[in-house]
Amino acid sequence: MKMRHLTPLLAATLAVAACSDSPTRVQAFPVTVQVEYPATYAQPQAGGVQVVLRSAERGTADTLSTLPDGRAVFPSVIPGRYEISATRSLGEAEAEQLTGVRGTVQLNALLPSEMLTAEAAASPIVLRLAGSPLGSWVIKEMYYTGSRTPTGGTYFFDQYFEIYNNSTDTLYAGGLILASIHGVSGQINPSSTPTPFQSDQDNVYAEFVWRIPGGASAHPVPPGGSIVIAQQGLDHRNDPNANPASPVNLGNADFEMFIDIPDTRDVDSPTVPNMEMLHRRGGFYALKPVFGPSMVLARGDFSSWEQTPLPGASPTTAPVIRIPNTAVIDAVEALQNAQSGAFKRIPAALDAGFTFVGDTYVGQAVRRRTAANVAGRRVLQDTNNSSQDFEVVTPNPRGF
Amino acid sequence: MTATGRAARSCRDGAHWRSLGLAAALLVLLQGTAAAQSMAEGLPLASPLSLWLEPDTAPGIWREGGNPAGLGLAGLMEGGRVRLQLSQQDGGYRRPQRPASTAAAAAGMDGVRVAAGWTALGSFTYERRQERDVQWSVVADPYAGFPYVWADQRGGDWSRDGASLRGALGSPLLLGRMAVGAAVEYDVSQGARRSDPRPLFRRRDMKLSAGLRIDAGQADHIGVHGFGDWSGEENEIGYFAGDDPVVYLFRGYGFFSRSTLVRSVRSVDGRVLGGGVQYAHGEGRRRWSVAMNGFVADDSARVNIASPEFGGGYRRQGLEAAAAIRQLSDAMSLEATVRGASTRGEGTDPFVQPRAVNALDDNAHVLVTLAAWPGQDRAAAGWTSAVHAGVAGSSREDVFVVTDWQVRAALVGAMVGVRRRVAENAAVMLGAEAGIRQALRSDFQSARPTEMTPVLVTPDFDYHATARREGAVSAGGEMRLQAGGLMRGMMRVGVVHAPAFEAGSGRVAATLKIEVLR
């Protein structure tokens with residue numbers, strides 16, 4: 001029969017036709033997600049991170065935890081569009097180990113729409129965790145004692161304050177408030193008495209209130225960066241009207257506290273932007289007490305802070321500004337000397353101690369100690385106790 | 001006999017060769033060919049009365065192989081008729097994307113004309129169908145094979161219209177020993193759902209075939225023919241909707257994507273190319289024939305109009321074989337037929353690059369039927385009976401979601417019909433059918449199920465794997481009209497019972513046919 005020959009031939013022909021250009025089978029593929037801590041953390045590899053791979057097309061989700069090396073390997077992923085997210089909660093101890101700052105933080109990372117193909121997944125997908133900053137602004141250095149001129153005179157226009165980004169992330173200095181707190185620094189005169197607001201442990205009372213200009217996203221400062229705020233933004237050592245014996249050049253300060261009133265000696269530096277002066281009770285220029293100022297860094301709505309008259313003062317006496325503790329980011333109490341504790345102006349909740357130089361016009365500053373070095377970033381000590389956190393040094397703005 | 005099974009799904013592992021080889025071996029072993037016959041959704045029971053209602057054709061290269069060059073040997077009688085058919089189906093025993101109930105009305109006409117040795121036949125049918133509660137489908141037929149179909153989760157009721165046109169022409173002997181023939185089939189249909197997001201489809205399908213018959217002698221006939229089928233379906237969704245629908249694109253058997261669309265359109269174009277060979281022998285009262293057809297089909301979807309994108313592909317190959325032998329006798333005539341088919345489909349995913357196959361399906365069956373009737377003229381016989389037995393296998397695989405099922409089932413059935421003249425011009429007909437289908441083997445695994453797995457995949461597997469019993473009774477009559485011609489009618493009621501099927505154990509189908517012949 002002819003059919004006996006035709007049938008296998010036709011079957012073979014069809015089979016060859018069917019297979020000759022038949023595409024290969026689809027293949028799921030492994031996807032490696034590499035999760036890293038923020039760059040300012042002590043180590044890049046983020047272990048114990050929950051990684052979720054969610055299909056945008058089906059809504060299904062696979063979840064894995066990263067290994068200590070930060071990798072999570074999803075062994076069989078179907079090509080398609082995915083949302084990849086990572087979450088890690090750091091406890092206080094872990095956070096301190098990784099950042100040098102004690103606190104809890106929630107770290108997250110998200111790739112909202114990632115097209116995963118075998119080619120795209122050939123190399124690890126890197127997720128960099130981010131979270132609310134651990135740490136914040138601190139007052140790094142205060143030079144308030146002033147200096148002596150070559151002829152033995154006193155010079156206080158070279159005061160400055162350096163604020164430091166002690167966090168794990170870039171912070172923005174725009175809108176940051178620097179205020180000096182009302183009250184004498186110690187038993188300067190026999191009649192000196194502590195601040196009348198000492199019993200209020202929930203607020204501080206400011207004589208001067210200055211604000212860094214710009215909005216909340218102005219003046220970014222990287223972790224470990226700082227801003228120098230000068231009383232006068234001059235090169236005090238070389239300016240003909242300044243003090244050649246001054247220890248500092250503040251011609252490159254970030255801001256100066258210029259008081260725009262008729263006065264021949266308060267110089268508005270053309271190279272240094274001015275702080276916004278929100279409140280001033282009086283006094284000489286922007287002078288802070290050379291015996292020791294109490295300074296706070298704060299954020300908030302200045303107009304909502306109450307203007308408070310001094311107890312027993314006449315109605316014409318300029319008020320002070322009551323700043324709630326909740327608005328204070330950092331506070332440093334500097335008093336006249338070790339015996340001046342009774343003159344504390346800042347509530348213990350903000351600063352449990354105080355620092356001091358012990359003399360005036362000696363060209364010395366107080367500087368916050370270094371607690372740790374994390375990934376090349378210096379973490380300054382901030383125990384909310386200036387007695388422990390500060391040391392007396394030679395002024396050196398932006399020394400690190 | 002089947003190409004089912006996990007190991008039988010890769011050209012590289014040679015299993016497909018085995019599948020096709022099995023079909024070829026089946027052909028050689030059984031010396032048979034067959035027309036394709038889907039047995040996925042029911043037993044191949046046919047009303048015994050249809051043997052009287054439909055023209056009786058003898059085994060040959062037309063009946064077994066579909067070669068129109070064999071029309072002249074089919075024994076077709078001249079005539080014409082007008083038909084009306086009403087049908088209704090209800091019940092929970094159904095595949096998950098099938099309607100809960102279907103009501104259809106069809107009307108048509110057909111006829112045969114023989115002149116100068118030429119044989120021509122033609123038919124036209126129009127059908128109107130109402131489908132209630134269709135879930136997870138917005139296409140003409142989600143079970144047509146193409147795996148990349150749209151769906152939504154709202155479901156609803158559909159209205160459909162369809163028209164079919166058939167024509168075939170067979171020549172007399174040419175040059176003393178050959179004949180040629182050609183056939184055309186054209187179907188158009190459209191459907192729309194009444195509920196948001198108001199999906200609709202339009203479909204058209206044209207099949208052309210042409211064949212050659214060579215008579216090796218008075219009794220031996222060899223045929224060869226080729227055919228092509230071109231189809232197109234457009235789907236639209238969301239154009240008349242009150243809100244934006246969530247549209248599912250099924251990409252296999254459980255694998256899917258979904259997205260919210262404002263409106264969208266897509267088209268699926270299909271092409272089938274195939275051919276067949278036949279051999280028929282007729283001498284005296286014995287006729288027998290064998291035939292085999294093979295085909296390769298490609299479907300491809302495009303989405304969007306402005307910038308069309310590939311929406312999935314589907315390639316299917318199949319072999320169909322059938323053999324029949326009829327022995328006529330004055331006392332009792334007998335006929336035995338064997339039909340078998342094996343098809344294999346591979347779906348190319350629309351999104352994976354480079355393109356690759358995710359969905360695979362295999363279907364195969366073989367069915368043996370033995371029929372008997374008194375006398376030589378079956379159309380005039382007072383009774384007729386048949387028994388059949390077969391094996392059917394199906395398998396599905398979704399590579400991505402590691403889902404794989406296969407079912408191999410055996411089926412047996414029997415039918416009997418009687419026809420009695422009750423008056424000079426009138427006769428009545430009664431018939432009964434019964435059959436069972438029982439799974440011989442069934443396996444299901446889904447290592448990575450999706451939310452669609454328990455909705456569509458598992459129920460469809462259960463549908464195939466569940467044992468079921470079927471039965472039907474028919475009653476009909478015929479009356480010669482005074483004006484000439486013959487009026488016939490038939491009512492058939494069938495029941496399927498599958499007690500282990502969770503979604504519903506039964507399904508009832510009723511059909512009423514009325515026709516007038518001239």
# chains A, B, ... in the order shown; residues from 1 in each chain; ligands from 1
call {"tool": "interface_residues", "arguments": {"of": "chain B", "to": "chain A", "cutoff": "6 Å", "atoms": "only C-alpha atoms", "output": "list in words"}}
result
Ala24, Ser257, Arg258, Ala356, Val357 and Asn358 of chain B
call {"tool": "residues_around", "arguments": {"residues": "Gly117 in chain B", "least_positions_apart": "4", "cutoff": "9 Å", "atoms": "only C-alpha atoms", "output": "list in words"}}
result
Gly72, Gly170, Ser171, Pro172 and Leu173 of chain B
call {"tool": "write_last_selection", "arguments": {"atoms": "all heavy atoms", "output": "PDB file, in the first residue's frame"}}
result
ATOM      1  N   GLY B  72     -18.404  12.967  -5.823  1.00  0.00           N
ATOM      2  CA  GLY B  72     -19.145  12.161  -6.788  1.00  0.00           C
ATOM      3  C   GLY B  72     -19.310  10.724  -6.375  1.00  0.00           C
ATOM      4  O   GLY B  72     -20.168  10.009  -6.918  1.00  0.00           O
ATOM      5  N   GLY B 170     -17.870  18.826  -6.736  1.00  0.00           N
ATOM      6  CA  GLY B 170     -17.030  17.732  -7.183  1.00  0.00           C
ATOM      7  C   GLY B 170     -17.279  17.450  -8.653  1.00  0.00           C
ATOM      8  O   GLY B 170     -18.421  17.467  -9.110  1.00  0.00           O
ATOM      9  N   SER B 171     -16.210  17.199  -9.363  1.00  0.00           N
ATOM     10  CA  SER B 171     -16.337  17.025 -10.810  1.00  0.00           C
ATOM     11  C   SER B 171     -16.642  15.572 -11.141  1.00  0.00           C
ATOM     12  O   SER B 171     -16.414  14.657 -10.335  1.00  0.00           O
ATOM     13  CB  SER B 171     -15.024  17.449 -11.483  1.00  0.00           C
ATOM     14  OG  SER B 171     -14.065  16.433 -11.359  1.00  0.00           O
ATOM     15  N   PRO B 172     -17.110  15.349 -12.365  1.00  0.00           N
ATOM     16  CA  PRO B 172     -17.178  13.973 -12.845  1.00  0.00           C
ATOM     17  C   PRO B 172     -15.772  13.500 -13.205  1.00  0.00           C
ATOM     18  O   PRO B 172     -14.799  14.260 -13.066  1.00  0.00           O
ATOM     19  CB  PRO B 172     -18.071  14.094 -14.080  1.00  0.00           C
ATOM     20  CG  PRO B 172     -17.830  15.483 -14.563  1.00  0.00           C
ATOM     21  CD  PRO B 172     -17.602  16.325 -13.332  1.00  0.00           C
ATOM     22  N   LEU B 173     -15.656  12.315 -13.663  1.00  0.00           N
ATOM     23  CA  LEU B 173     -14.348  11.828 -14.094  1.00  0.00           C
ATOM     24  C   LEU B 173     -13.837  12.664 -15.259  1.00  0.00           C
ATOM     25  O   LEU B 173     -14.566  12.927 -16.221  1.00  0.00           O
ATOM     26  CB  LEU B 173     -14.449  10.369 -14.532  1.00  0.00           C
ATOM     27  CG  LEU B 173     -14.269   9.305 -13.434  1.00  0.00           C
ATOM     28  CD1 LEU B 173     -14.349   7.925 -14.060  1.00  0.00           C
ATOM     29  CD2 LEU B 173     -12.939   9.511 -12.728  1.00  0.00           C
TER      30      LEU B 173
END
call {"tool": "residues_around", "arguments": {"residues": "Gly156 in chain B", "least_positions_apart": "2", "cutoff": "6 Å", "atoms": "only C-alpha atoms", "output": "number ranges by chain"}}
result
B: 133-134, 195
call {"tool": "select_by_dssp", "arguments": {"residues": "range 146-345 of chain A", "states": "strand (DSSP E)", "output": "count of residues only"}}
result
60
call {"tool": "residues_around", "arguments": {"residues": "Met452 in chain B", "least_positions_apart": "3", "cutoff": "12 Å", "atoms": "only C-alpha atoms", "output": "PyMOL selection string"}}
result
(chain A and resi 58-60) or (chain B and resi 96+136+151-153+248-258+401+403+446+448-449+455-460)
call {"tool": "write_last_selection", "arguments": {"atoms": "N, CA and C atoms", "output": "short mmCIF file (atom, residue, chain, number, x, y, z; two decimals), in the first residue's frame"}}
result
data_model
loop_
_atom_site.label_atom_id
_atom_site.label_comp_id
_atom_site.auth_asym_id
_atom_site.auth_seq_id
_atom_site.Cartn_x
_atom_site.Cartn_y
_atom_site.Cartn_z
N ARG A 58 0.24 41.17 38.45
CA ARG A 58 -0.61 40.19 39.10
C ARG A 58 -0.86 40.50 40.57
N GLY A 59 -0.08 41.39 41.13
CA GLY A 59 -0.26 41.73 42.53
C GLY A 59 0.34 40.73 43.49
N THR A 60 0.91 39.67 42.97
CA THR A 60 1.52 38.68 43.85
C THR A 60 2.86 39.21 44.38
N PRO B 96 -15.16 26.34 33.16
CA PRO B 96 -15.40 27.58 33.91
C PRO B 96 -15.63 28.82 33.05
N TRP B 136 -15.15 35.29 33.00
CA TRP B 136 -13.73 35.26 32.63
C TRP B 136 -13.51 35.05 31.14
N ALA B 151 -9.95 38.82 29.34
CA ALA B 151 -11.06 38.49 30.23
C ALA B 151 -11.22 39.62 31.23
N ASP B 152 -12.34 39.62 31.88
CA ASP B 152 -12.52 40.51 33.02
C ASP B 152 -13.24 39.73 34.10
N GLN B 153 -13.28 40.31 35.29
CA GLN B 153 -13.82 39.54 36.39
C GLN B 153 -15.29 39.84 36.64
N TYR B 248 -7.88 41.42 32.14
CA TYR B 248 -6.92 40.35 32.36
C TYR B 248 -6.48 39.83 31.00
N LEU B 249 -5.20 39.62 30.89
CA LEU B 249 -4.68 38.90 29.74
C LEU B 249 -4.16 37.56 30.26
N PHE B 250 -4.85 36.51 29.90
CA PHE B 250 -4.38 35.19 30.29
C PHE B 250 -3.20 34.82 29.40
N ARG B 251 -2.17 34.30 30.02
CA ARG B 251 -0.93 34.00 29.30
C ARG B 251 -0.53 32.54 29.47
N GLY B 252 -1.49 31.72 29.73
CA GLY B 252 -1.19 30.31 29.91
C GLY B 252 -2.31 29.70 30.73
N TYR B 253 -1.96 28.80 31.60
CA TYR B 253 -2.94 28.10 32.41
C TYR B 253 -2.70 28.50 33.87
N GLY B 254 -3.10 29.69 34.17
CA GLY B 254 -2.90 30.26 35.50
C GLY B 254 -2.09 31.53 35.47
N PHE B 255 -1.20 31.64 34.51
CA PHE B 255 -0.37 32.84 34.39
C PHE B 255 -1.18 33.94 33.71
N PHE B 256 -1.03 35.15 34.20
CA PHE B 256 -1.82 36.23 33.64
C PHE B 256 -1.16 37.56 33.95
N SER B 257 -1.62 38.59 33.26
CA SER B 257 -1.31 39.97 33.58
C SER B 257 -2.63 40.71 33.65
N ARG B 258 -2.65 41.79 34.36
CA ARG B 258 -3.86 42.60 34.37
C ARG B 258 -3.48 44.07 34.46
N VAL B 401 4.26 29.31 35.75
CA VAL B 401 3.65 29.08 37.06
C VAL B 401 3.72 27.59 37.44
N THR B 403 2.62 24.86 36.35
CA THR B 403 1.33 24.19 36.46
C THR B 403 1.22 23.19 35.31
N SER B 446 0.57 22.13 40.63
CA SER B 446 0.73 23.57 40.44
C SER B 446 1.66 24.07 41.53
N ARG B 448 3.31 26.78 41.58
CA ARG B 448 3.34 28.23 41.77
C ARG B 448 1.96 28.80 41.39
N PRO B 449 0.96 28.39 42.12
CA PRO B 449 -0.40 28.79 41.72
C PRO B 449 -0.59 30.30 41.81
N VAL B 455 -9.52 29.46 40.09
CA VAL B 455 -10.70 29.99 39.40
C VAL B 455 -10.91 29.30 38.05
N LEU B 456 -9.82 29.10 37.34
CA LEU B 456 -9.95 28.59 35.97
C LEU B 456 -9.27 27.24 35.74
N VAL B 457 -8.08 27.09 36.28
CA VAL B 457 -7.28 25.93 35.90
C VAL B 457 -7.77 24.66 36.59
N THR B 458 -7.90 24.74 37.90
CA THR B 458 -8.35 23.55 38.63
C THR B 458 -9.75 23.11 38.21
N PRO B 459 -10.69 24.04 38.07
CA PRO B 459 -12.02 23.59 37.62
C PRO B 459 -12.01 22.96 36.23
N ASP B 460 -11.16 23.47 35.36
CA ASP B 460 -11.11 22.89 34.01
C ASP B 460 -10.50 21.48 34.06
#
call {"tool": "atom_distance", "arguments": {"atom1": "CA of Arg132 in chain B", "atom2": "CA of Tyr93 in chain B"}}
result
14.4 Å
call {"tool": "decode", "arguments": {"residues": "range 276-287 of chain B", "atoms": "all heavy atoms", "output": "PDB file, in the first residue's frame"}}
result
ATOM      1  N   GLY B 276      -4.145  16.341   3.021  1.00  0.00           N
ATOM      2  CA  GLY B 276      -4.475  14.988   3.395  1.00  0.00           C
ATOM      3  C   GLY B 276      -4.390  14.037   2.220  1.00  0.00           C
ATOM      4  O   GLY B 276      -4.360  14.454   1.057  1.00  0.00           O
ATOM      5  N   VAL B 277      -4.306  12.791   2.541  1.00  0.00           N
ATOM      6  CA  VAL B 277      -4.311  11.733   1.535  1.00  0.00           C
ATOM      7  C   VAL B 277      -5.406  10.746   1.918  1.00  0.00           C
ATOM      8  O   VAL B 277      -5.698  10.561   3.115  1.00  0.00           O
ATOM      9  CB  VAL B 277      -2.944  11.035   1.440  1.00  0.00           C
ATOM     10  CG1 VAL B 277      -1.893  11.989   0.909  1.00  0.00           C
ATOM     11  CG2 VAL B 277      -2.514  10.501   2.807  1.00  0.00           C
ATOM     12  N   GLN B 278      -6.007  10.149   0.905  1.00  0.00           N
ATOM     13  CA  GLN B 278      -7.097   9.220   1.155  1.00  0.00           C
ATOM     14  C   GLN B 278      -6.986   8.021   0.200  1.00  0.00           C
ATOM     15  O   GLN B 278      -6.406   8.122  -0.884  1.00  0.00           O
ATOM     16  CB  GLN B 278      -8.461   9.895   0.938  1.00  0.00           C
ATOM     17  CG  GLN B 278      -8.682  11.188   1.693  1.00  0.00           C
ATOM     18  CD  GLN B 278      -8.182  12.413   0.953  1.00  0.00           C
ATOM     19  OE1 GLN B 278      -8.202  12.430  -0.281  1.00  0.00           O
ATOM     20  NE2 GLN B 278      -7.717  13.407   1.687  1.00  0.00           N
ATOM     21  N   TYR B 279      -7.574   6.961   0.659  1.00  0.00           N
ATOM     22  CA  TYR B 279      -7.704   5.805  -0.218  1.00  0.00           C
ATOM     23  C   TYR B 279      -9.064   5.193   0.076  1.00  0.00           C
ATOM     24  O   TYR B 279      -9.442   5.014   1.238  1.00  0.00           O
ATOM     25  CB  TYR B 279      -6.597   4.778   0.052  1.00  0.00           C
ATOM     26  CG  TYR B 279      -6.698   3.577  -0.854  1.00  0.00           C
ATOM     27  CD1 TYR B 279      -6.181   3.628  -2.151  1.00  0.00           C
ATOM     28  CD2 TYR B 279      -7.319   2.411  -0.425  1.00  0.00           C
ATOM     29  CE1 TYR B 279      -6.290   2.534  -2.989  1.00  0.00           C
ATOM     30  CE2 TYR B 279      -7.418   1.314  -1.261  1.00  0.00           C
ATOM     31  CZ  TYR B 279      -6.906   1.382  -2.544  1.00  0.00           C
ATOM     32  OH  TYR B 279      -7.014   0.297  -3.378  1.00  0.00           O
ATOM     33  N   ALA B 280      -9.787   4.883  -0.987  1.00  0.00           N
ATOM     34  CA  ALA B 280     -11.102   4.272  -0.811  1.00  0.00           C
ATOM     35  C   ALA B 280     -11.218   3.096  -1.773  1.00  0.00           C
ATOM     36  O   ALA B 280     -10.709   3.127  -2.899  1.00  0.00           O
ATOM     37  CB  ALA B 280     -12.204   5.297  -1.065  1.00  0.00           C
ATOM     38  N   HIS B 281     -11.919   2.093  -1.284  1.00  0.00           N
ATOM     39  CA  HIS B 281     -12.141   0.911  -2.103  1.00  0.00           C
ATOM     40  C   HIS B 281     -13.614   0.548  -2.008  1.00  0.00           C
ATOM     41  O   HIS B 281     -14.172   0.439  -0.920  1.00  0.00           O
ATOM     42  CB  HIS B 281     -11.267  -0.248  -1.604  1.00  0.00           C
ATOM     43  CG  HIS B 281     -11.497  -1.517  -2.368  1.00  0.00           C
ATOM     44  ND1 HIS B 281     -10.882  -1.766  -3.579  1.00  0.00           N
ATOM     45  CD2 HIS B 281     -12.276  -2.601  -2.106  1.00  0.00           C
ATOM     46  CE1 HIS B 281     -11.259  -2.954  -4.027  1.00  0.00           C
ATOM     47  NE2 HIS B 281     -12.107  -3.488  -3.142  1.00  0.00           N
ATOM     48  N   GLY B 282     -14.216   0.382  -3.110  1.00  0.00           N
ATOM     49  CA  GLY B 282     -15.612   0.002  -3.103  1.00  0.00           C
ATOM     50  C   GLY B 282     -15.870  -1.044  -4.169  1.00  0.00           C
ATOM     51  O   GLY B 282     -15.564  -0.837  -5.346  1.00  0.00           O
ATOM     52  N   GLU B 283     -16.358  -2.160  -3.731  1.00  0.00           N
ATOM     53  CA  GLU B 283     -16.587  -3.254  -4.659  1.00  0.00           C
ATOM     54  C   GLU B 283     -17.784  -4.032  -4.140  1.00  0.00           C
ATOM     55  O   GLU B 283     -17.770  -4.508  -2.998  1.00  0.00           O
ATOM     56  CB  GLU B 283     -15.345  -4.156  -4.730  1.00  0.00           C
ATOM     57  CG  GLU B 283     -15.362  -5.098  -5.920  1.00  0.00           C
ATOM     58  CD  GLU B 283     -13.986  -5.732  -6.093  1.00  0.00           C
ATOM     59  OE1 GLU B 283     -13.249  -5.842  -5.090  1.00  0.00           O
ATOM     60  OE2 GLU B 283     -13.644  -6.104  -7.224  1.00  0.00           O
ATOM     61  N   GLY B 284     -18.794  -4.098  -4.916  1.00  0.00           N
ATOM     62  CA  GLY B 284     -19.983  -4.801  -4.483  1.00  0.00           C
ATOM     63  C   GLY B 284     -20.614  -4.110  -3.291  1.00  0.00           C
ATOM     64  O   GLY B 284     -20.846  -2.908  -3.301  1.00  0.00           O
ATOM     65  N   ARG B 285     -20.861  -4.888  -2.286  1.00  0.00           N
ATOM     66  CA  ARG B 285     -21.535  -4.345  -1.101  1.00  0.00           C
ATOM     67  C   ARG B 285     -20.542  -3.884  -0.024  1.00  0.00           C
ATOM     68  O   ARG B 285     -20.935  -3.555   1.075  1.00  0.00           O
ATOM     69  CB  ARG B 285     -22.474  -5.398  -0.517  1.00  0.00           C
ATOM     70  CG  ARG B 285     -23.613  -5.752  -1.470  1.00  0.00           C
ATOM     71  CD  ARG B 285     -24.531  -6.766  -0.837  1.00  0.00           C
ATOM     72  NE  ARG B 285     -25.715  -6.983  -1.664  1.00  0.00           N
ATOM     73  CZ  ARG B 285     -26.714  -7.797  -1.328  1.00  0.00           C
ATOM     74  NH1 ARG B 285     -26.650  -8.454  -0.183  1.00  0.00           N
ATOM     75  NH2 ARG B 285     -27.742  -7.955  -2.121  1.00  0.00           N
ATOM     76  N   ARG B 286     -19.330  -3.949  -0.322  1.00  0.00           N
ATOM     77  CA  ARG B 286     -18.340  -3.543   0.694  1.00  0.00           C
ATOM     78  C   ARG B 286     -17.592  -2.312   0.225  1.00  0.00           C
ATOM     79  O   ARG B 286     -17.111  -2.256  -0.904  1.00  0.00           O
ATOM     80  CB  ARG B 286     -17.351  -4.671   0.958  1.00  0.00           C
ATOM     81  CG  ARG B 286     -16.234  -4.275   1.937  1.00  0.00           C
ATOM     82  CD  ARG B 286     -15.309  -5.421   2.209  1.00  0.00           C
ATOM     83  NE  ARG B 286     -16.008  -6.504   2.889  1.00  0.00           N
ATOM     84  CZ  ARG B 286     -15.453  -7.686   3.158  1.00  0.00           C
ATOM     85  NH1 ARG B 286     -14.213  -7.932   2.784  1.00  0.00           N
ATOM     86  NH2 ARG B 286     -16.128  -8.619   3.775  1.00  0.00           N
ATOM     87  N   ARG B 287     -17.542  -1.337   1.091  1.00  0.00           N
ATOM     88  CA  ARG B 287     -16.762  -0.138   0.828  1.00  0.00           C
ATOM     89  C   ARG B 287     -15.909   0.144   2.064  1.00  0.00           C
ATOM     90  O   ARG B 287     -16.375   0.007   3.195  1.00  0.00           O
ATOM     91  CB  ARG B 287     -17.659   1.080   0.576  1.00  0.00           C
ATOM     92  CG  ARG B 287     -18.383   1.035  -0.740  1.00  0.00           C
ATOM     93  CD  ARG B 287     -19.090   2.363  -0.972  1.00  0.00           C
ATOM     94  NE  ARG B 287     -18.141   3.444  -1.195  1.00  0.00           N
ATOM     95  CZ  ARG B 287     -17.691   3.793  -2.400  1.00  0.00           C
ATOM     96  NH1 ARG B 287     -18.087   3.123  -3.468  1.00  0.00           N
ATOM     97  NH2 ARG B 287     -16.856   4.782  -2.542  1.00  0.00           N
TER      98      ARG B 287
END
